[in-house]
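Only one structure is covered here, and it is reproduced in the block below.
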Amino acid sequence: MSRWLNPKRVVDIGYVIYGEVLREFITTRRYFLEAISGLIMVYILFMGFFFAGQGFTSHGGLPTLDRTDLAHRTVGFILWLFALNSVGHFSNAIRDESHIGIMEQVALSPCGLIVDMCGRAIGKTIIDTVMIGLVLVTIIVTTHISLSFPVLSVGFVFILTLVGLYGLGFFFGGLALIYKRLGSITIVVRFAFLILTGAITPIENFPKWLQLICKTLPMTEGLKILRVLMVERKPFWSVVGNGQIGLLVVNSAIYMIVGLVSFKYFENVARDRGLLGVY
Amino acid sequence: MEDCLVRTVDLTKRFVRRFGKTSITAVDHVSVEIKRGEIFGVLGQNGAGKSTLLKMICGLLRPSEGEVIINGKAVEKYRRETLSEIGAVLEGSRNSLWSMTVRQNITYFGYLKNVHGFGLKQRGERLLRLFQLEDKQDELVKNLSKGMKQKLAIALAFINDPSLVLLDEPTLGLDVQTERIVKELIVGLSKEKNKTVLLSSHDMRLVEEICDRVAIISKGRVVRLDETKSLLRNIDQEVYLIRLEGTPELQRVAGIGEVRIIKVQERSQKEGECLLRVTMGHHERLFEVIDALRAEDLRVLSITKCEPSLEDVFVKVVES
């Protein structure tokens, strides 16, 4: 324990994290056009969902989507965008860096791979918050939905949810140290989240057994709470009182602990087999 | 201060394949001691275990048996402390981020290696100056030449002021001029700053010129370990350069007598002539060679005795 409290070590870890945040910023700036086109694509995708809900009304098709329903979908879609980036971020980074040849250098950092990955997660979250925030503002402006933003409580729940998502990210990142071509699996998982976490459709419509699985996913509980806070505009204590926050804390903690333990395990396997940094 | 910086004790690596049914021993009970400030070369054929040995020394690969001790600390037990002592270039010029500038690479890798603040600024500037990269510090790495990228990769290995630098094929693919600069930098840093350099290379000339000691590895075992000068002095072989008229086919001359022809030196070849480099256990065998060449209708123009090179030593050791 004492070695973790060593001030020099804390500063070193801080700088590794800062270095990774810096690198995320530099990379985003370097590929700014790609980032912007990605945002436009995401916005078009969301508007597709929005208009798909309204389009058939005049032809006797689907019922008109009301504003509250759309607000629910918006919160779900926005949180899913974060999940999209966080779950596969480590595995993609490990695959790409093994490919370009610098993974070995990263693995030689005295602070270790987990600290390095935490830095990436922080950097990615800051950039995603700005970028996805832009998408959210555009959606609010163009669809006239209304959302509440109690910054502290929303921020707290959002970070807790991300902890669980990055826990899953650590699991896939660890797997990627051994099996570099994990991309297709993480894509399936990430898109399954769009449906299975209730982002665009209520999980209550699913069969009981599937609902049970859905409820254990790292995004489901967080999304439910965010909707209560942002769409239903209920106070934070209401989700504390009914135990929802407790459930989210336990869920995220389990995902993060399992993620970290499995990452360390896979890192050791990779070191045993000589796969660290090898593409 | 202990004179020995790196010590490997019975270091062994076995790779298990096919669900544990077969295993390949890549490094087999290697025990070496490398001194502070020494340039130590590791020579071996492809698959001899050089890179595996280097990766175990820097902790990227876990040994099956034995241990690596750096500055008195076991790498497996004191990973953080020992990694702070190490700089490595294992992937050549690919060991940097090509989408960032030279300066950004120095900052990023500095932070990764726990160098920051004024120390990083100072060290970065010193390395840029030393590696003649000052003018290129704001260039994207992808726009640099191969030689520049290689110099940057080596500079990055020195960013944390390591006691030990591991270099895997540091001059691979470089032109003669850049190779010379890289060589001078390695020697300069080692001798002036008392850095220990462990390098593995196929380039015998490089190893011969800059390494204080050399370990020759074959099938995962150290088959010879000595000072470079001693290796060259004690080789029990004589080497001759034979100039021939005509350009015989390689197979035709390679089969002459029992004398091993290391290579036909095509670079020194004049038009209509050919230069053979032959090694033999005793000079009397030279007459047998000449007779054999004559029997093949090849006219000998001149014979020159020359000093054995590390390549001669290497071939002899590995083949024996």
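Within each chain, counting starts at residue 1; across the structure tokens, chains are named A, B, ... in the order shown, with ligands numbered 1 upward in that order.
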TODO: Dump as a ChimeraX atom specification the residues of chain B that approach chain A to within 10 Å, counting only C-alpha atoms.
DONE: /B:13-17,52,55-56,58-64,79-101,104-105,107-117,156-157
- [ ] Run DSSP on the backbone and grab whatever in segment 94-273 of chain B lands in helix (DSSP H, G or I); send it over as a PyMOL selection string.
- [x] chain B and resi 94+102-112+117-130+134-136+141-143+146-157+176-193+204-210+228-233+250-254+266-268
- [ ] Grab the atom CA of Asp128 of chain A to atom CA of Gly88 of chain A distance for me, in Å with one decimal place.
- [x] 13.7 Å
Apply DSSP to the backbone of this structure and, from segment 118-319 of chain B, keep only the residues in strand (DSSP E); write these as a compact mmCIF listing (two decimals) with N, CA and C atoms, in the first residue's frame.
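Written out: states14.txt:
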# COMPACT_ATOMS: atom_id res chain seq x y z
N LEU B 164 20.87 0.82 -18.94
CA LEU B 164 20.98 -0.24 -19.93
C LEU B 164 20.12 0.09 -21.15
N VAL B 165 20.73 0.00 -22.33
CA VAL B 165 19.97 0.21 -23.57
C VAL B 165 20.05 -1.05 -24.42
N LEU B 166 18.87 -1.54 -24.81
CA LEU B 166 18.80 -2.74 -25.65
C LEU B 166 18.51 -2.31 -27.08
N LEU B 167 19.34 -2.75 -27.99
CA LEU B 167 19.14 -2.36 -29.39
C LEU B 167 19.07 -3.62 -30.25
N ASP B 168 17.93 -3.82 -30.89
CA ASP B 168 17.77 -4.98 -31.76
C ASP B 168 17.93 -4.49 -33.20
N THR B 196 25.42 1.04 -20.51
CA THR B 196 25.62 -0.33 -20.99
C THR B 196 24.71 -0.53 -22.20
N VAL B 197 25.28 -1.03 -23.27
CA VAL B 197 24.48 -1.26 -24.48
C VAL B 197 24.52 -2.75 -24.79
N LEU B 198 23.34 -3.31 -24.96
CA LEU B 198 23.24 -4.71 -25.36
C LEU B 198 22.61 -4.72 -26.73
N LEU B 199 23.38 -5.13 -27.72
CA LEU B 199 22.81 -5.08 -29.06
C LEU B 199 22.86 -6.42 -29.76
N SER B 200 21.80 -6.67 -30.49
CA SER B 200 21.78 -7.89 -31.29
C SER B 200 21.73 -7.46 -32.75
N ARG B 213 32.47 -6.97 -25.98
CA ARG B 213 32.39 -8.43 -25.87
C ARG B 213 31.25 -8.94 -26.73
N VAL B 214 31.37 -10.20 -27.12
CA VAL B 214 30.36 -10.78 -27.99
C VAL B 214 29.96 -12.16 -27.48
N ALA B 215 28.65 -12.40 -27.50
CA ALA B 215 28.16 -13.76 -27.22
C ALA B 215 27.57 -14.30 -28.51
N ILE B 216 28.03 -15.49 -28.90
CA ILE B 216 27.45 -16.11 -30.09
C ILE B 216 26.44 -17.14 -29.62
N ILE B 217 25.22 -16.98 -30.13
CA ILE B 217 24.13 -17.86 -29.70
C ILE B 217 23.75 -18.78 -30.85
N SER B 218 23.59 -20.04 -30.52
CA SER B 218 23.10 -20.98 -31.52
C SER B 218 22.12 -21.91 -30.83
N ARG B 221 21.52 -21.46 -27.09
CA ARG B 221 22.62 -21.57 -26.13
C ARG B 221 23.75 -20.62 -26.49
N VAL B 222 24.44 -20.15 -25.47
CA VAL B 222 25.64 -19.35 -25.73
C VAL B 222 26.76 -20.32 -26.05
N VAL B 223 27.22 -20.31 -27.30
CA VAL B 223 28.27 -21.26 -27.67
C VAL B 223 29.66 -20.64 -27.58
N ARG B 224 29.70 -19.32 -27.52
CA ARG B 224 31.00 -18.64 -27.37
C ARG B 224 30.76 -17.27 -26.76
N LEU B 225 31.57 -16.94 -25.79
CA LEU B 225 31.44 -15.62 -25.17
C LEU B 225 32.83 -15.14 -24.82
N ASP B 226 33.21 -14.03 -25.43
CA ASP B 226 34.56 -13.53 -25.20
C ASP B 226 34.65 -12.07 -25.62
N GLU B 227 35.80 -11.48 -25.33
CA GLU B 227 36.04 -10.13 -25.83
C GLU B 227 36.19 -10.21 -27.34
N GLU B 238 42.78 -19.56 -41.08
CA GLU B 238 43.47 -18.59 -41.92
C GLU B 238 42.54 -18.20 -43.04
N VAL B 239 42.63 -16.93 -43.38
CA VAL B 239 41.70 -16.41 -44.39
C VAL B 239 42.50 -15.85 -45.57
N TYR B 240 42.10 -16.21 -46.77
CA TYR B 240 42.78 -15.72 -47.97
C TYR B 240 41.77 -15.15 -48.94
N LEU B 241 42.21 -14.13 -49.64
CA LEU B 241 41.40 -13.60 -50.74
C LEU B 241 42.06 -14.08 -52.04
N ILE B 242 41.32 -14.79 -52.85
CA ILE B 242 41.88 -15.32 -54.11
C ILE B 242 41.18 -14.64 -55.28
N ARG B 243 42.00 -13.98 -56.11
CA ARG B 243 41.44 -13.31 -57.30
C ARG B 243 41.52 -14.27 -58.48
N LEU B 244 40.41 -14.47 -59.12
CA LEU B 244 40.34 -15.44 -60.23
C LEU B 244 40.01 -14.74 -61.53
N GLU B 245 40.47 -15.33 -62.60
CA GLU B 245 40.05 -14.82 -63.91
C GLU B 245 38.73 -15.49 -64.26
N ARG B 260 36.09 -24.12 -47.03
CA ARG B 260 34.81 -23.40 -47.05
C ARG B 260 35.00 -22.03 -47.68
N ILE B 261 34.17 -21.76 -48.67
CA ILE B 261 34.22 -20.44 -49.29
C ILE B 261 33.10 -19.62 -48.68
N ILE B 262 33.49 -18.62 -47.94
CA ILE B 262 32.46 -17.86 -47.23
C ILE B 262 31.61 -17.06 -48.20
N LYS B 263 32.26 -16.36 -49.07
CA LYS B 263 31.46 -15.62 -50.05
C LYS B 263 32.32 -15.19 -51.24
N VAL B 264 31.64 -14.98 -52.32
CA VAL B 264 32.31 -14.38 -53.47
C VAL B 264 32.09 -12.89 -53.31
N GLU B 273 36.71 -10.60 -63.64
CA GLU B 273 37.43 -11.18 -62.51
C GLU B 273 36.49 -11.52 -61.35
N CYS B 274 37.02 -12.32 -60.45
CA CYS B 274 36.19 -12.73 -59.32
C CYS B 274 37.07 -12.87 -58.08
N LEU B 275 36.53 -12.47 -56.94
CA LEU B 275 37.30 -12.52 -55.70
C LEU B 275 36.66 -13.52 -54.73
N LEU B 276 37.44 -14.50 -54.31
CA LEU B 276 36.92 -15.50 -53.38
C LEU B 276 37.53 -15.27 -51.99
N ARG B 277 36.72 -15.46 -50.98
CA ARG B 277 37.25 -15.37 -49.62
C ARG B 277 37.19 -16.79 -49.06
N VAL B 278 38.33 -17.35 -48.78
CA VAL B 278 38.33 -18.73 -48.31
C VAL B 278 38.99 -18.83 -46.93
N THR B 279 38.44 -19.69 -46.10
CA THR B 279 39.04 -19.89 -44.78
C THR B 279 39.49 -21.35 -44.68
N MET B 280 40.54 -21.58 -43.92
CA MET B 280 41.05 -22.95 -43.80
C MET B 280 41.78 -23.09 -42.47
N VAL B 300 44.17 -18.51 -61.36
CA VAL B 300 44.37 -17.70 -60.16
C VAL B 300 45.26 -16.51 -60.51
N LEU B 301 44.76 -15.28 -60.23
CA LEU B 301 45.53 -14.08 -60.55
C LEU B 301 46.36 -13.61 -59.35
N SER B 302 45.77 -13.70 -58.17
CA SER B 302 46.53 -13.31 -56.97
C SER B 302 45.93 -13.97 -55.72
N ILE B 303 46.79 -14.10 -54.71
CA ILE B 303 46.32 -14.64 -53.42
C ILE B 303 46.81 -13.69 -52.32
N THR B 304 45.91 -13.22 -51.50
CA THR B 304 46.29 -12.31 -50.41
C THR B 304 45.80 -12.87 -49.09
N LYS B 305 46.68 -12.90 -48.12
CA LYS B 305 46.28 -13.35 -46.78
C LYS B 305 45.63 -12.15 -46.05
N CYS B 306 44.53 -12.39 -45.40
CA CYS B 306 43.92 -11.27 -44.67
C CYS B 306 43.53 -11.68 -43.25
Open item on the list: Can you measure atom CA of Lys215 of chain A to atom CA of Glu267 of chain A for me? One decimal in Å is fine.
Closed with: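 Interatomic distance, atom CA of Lys215 of chain A to atom CA of Glu267 of chain A: 29.4 Å.
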TODO: Would you mind reading off the distance between atom CA of Leu232 of chain B and atom CA of Asn46 of chain B, one decimal, in Å?
DONE: 22.4 Å
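The residue that comes closest to Val187 of chain B, out of B:Ile154, B:Met148, B:Leu172, B:Ile210 and on the basis of only C-alpha atoms, is B:Ile210.
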Task: Pick from B:Lys121, B:Arg7, B:Lys21, B:Arg126 nearest to Lys73 of chain B, counting only C-alpha atoms - done: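 Using only C-alpha atoms, Lys73 of chain B sits closest to B:Arg7.
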Task: Proximity to Arg29 of chain A - best of A:Thr68, A:Val240, A:Ile127, A:Ser86, only C-alpha atoms - done: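 For Arg29 of chain A, the nearest of the candidates is A:Ile127.
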Open item on the list: At a cut-off of 12 Å, using only C-alpha atoms, what residues contact Arg129 of chain B? Leave out same-chain residues fewer than 5 positions from it and give the result as a list in words.
Closed with: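 The neighbour list is Gln122, Arg123, Gly124, Glu134, Asp135, Lys136, Gln137, Lys151, Leu152, Ala155 and Leu185 of chain B.
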File of the preceding selection, N, CA and C atoms, as a PDB file, in the first residue's frame:
ATOM      1  N   GLN B 122      15.100  19.578 -20.470  1.00  0.00           N
ATOM      2  CA  GLN B 122      16.556  19.609 -20.599  1.00  0.00           C
ATOM      3  C   GLN B 122      17.064  18.391 -21.384  1.00  0.00           C
ATOM      4  N   ARG B 123      16.556  17.243 -20.986  1.00  0.00           N
ATOM      5  CA  ARG B 123      17.007  15.984 -21.584  1.00  0.00           C
ATOM      6  C   ARG B 123      16.607  15.918 -23.065  1.00  0.00           C
ATOM      7  N   GLY B 124      15.370  16.360 -23.341  1.00  0.00           N
ATOM      8  CA  GLY B 124      14.875  16.362 -24.715  1.00  0.00           C
ATOM      9  C   GLY B 124      15.769  17.210 -25.597  1.00  0.00           C
ATOM     10  N   GLU B 134      17.543  18.692 -34.096  1.00  0.00           N
ATOM     11  CA  GLU B 134      16.996  19.995 -33.675  1.00  0.00           C
ATOM     12  C   GLU B 134      16.145  20.655 -34.756  1.00  0.00           C
ATOM     13  N   ASP B 135      16.644  20.579 -35.994  1.00  0.00           N
ATOM     14  CA  ASP B 135      15.917  21.229 -37.097  1.00  0.00           C
ATOM     15  C   ASP B 135      14.612  20.514 -37.420  1.00  0.00           C
ATOM     16  N   LYS B 136      14.523  19.276 -36.976  1.00  0.00           N
ATOM     17  CA  LYS B 136      13.360  18.462 -37.357  1.00  0.00           C
ATOM     18  C   LYS B 136      12.345  18.334 -36.223  1.00  0.00           C
ATOM     19  N   GLN B 137      12.562  19.069 -35.135  1.00  0.00           N
ATOM     20  CA  GLN B 137      11.739  18.804 -33.953  1.00  0.00           C
ATOM     21  C   GLN B 137      10.251  19.070 -34.155  1.00  0.00           C
ATOM     22  N   LYS B 151      17.248   7.293 -35.847  1.00  0.00           N
ATOM     23  CA  LYS B 151      17.953   8.112 -34.849  1.00  0.00           C
ATOM     24  C   LYS B 151      16.988   8.542 -33.750  1.00  0.00           C
ATOM     25  N   LEU B 152      15.763   8.902 -34.160  1.00  0.00           N
ATOM     26  CA  LEU B 152      14.763   9.303 -33.163  1.00  0.00           C
ATOM     27  C   LEU B 152      14.436   8.131 -32.237  1.00  0.00           C
ATOM     28  N   ALA B 155      17.152   7.831 -29.843  1.00  0.00           N
ATOM     29  CA  ALA B 155      17.099   8.962 -28.903  1.00  0.00           C
ATOM     30  C   ALA B 155      16.011   8.717 -27.855  1.00  0.00           C
ATOM     31  N   LEU B 185      27.162   7.365 -32.347  1.00  0.00           N
ATOM     32  CA  LEU B 185      26.305   7.769 -31.228  1.00  0.00           C
ATOM     33  C   LEU B 185      26.280   6.697 -30.143  1.00  0.00           C
TER      34      LEU B 185
END
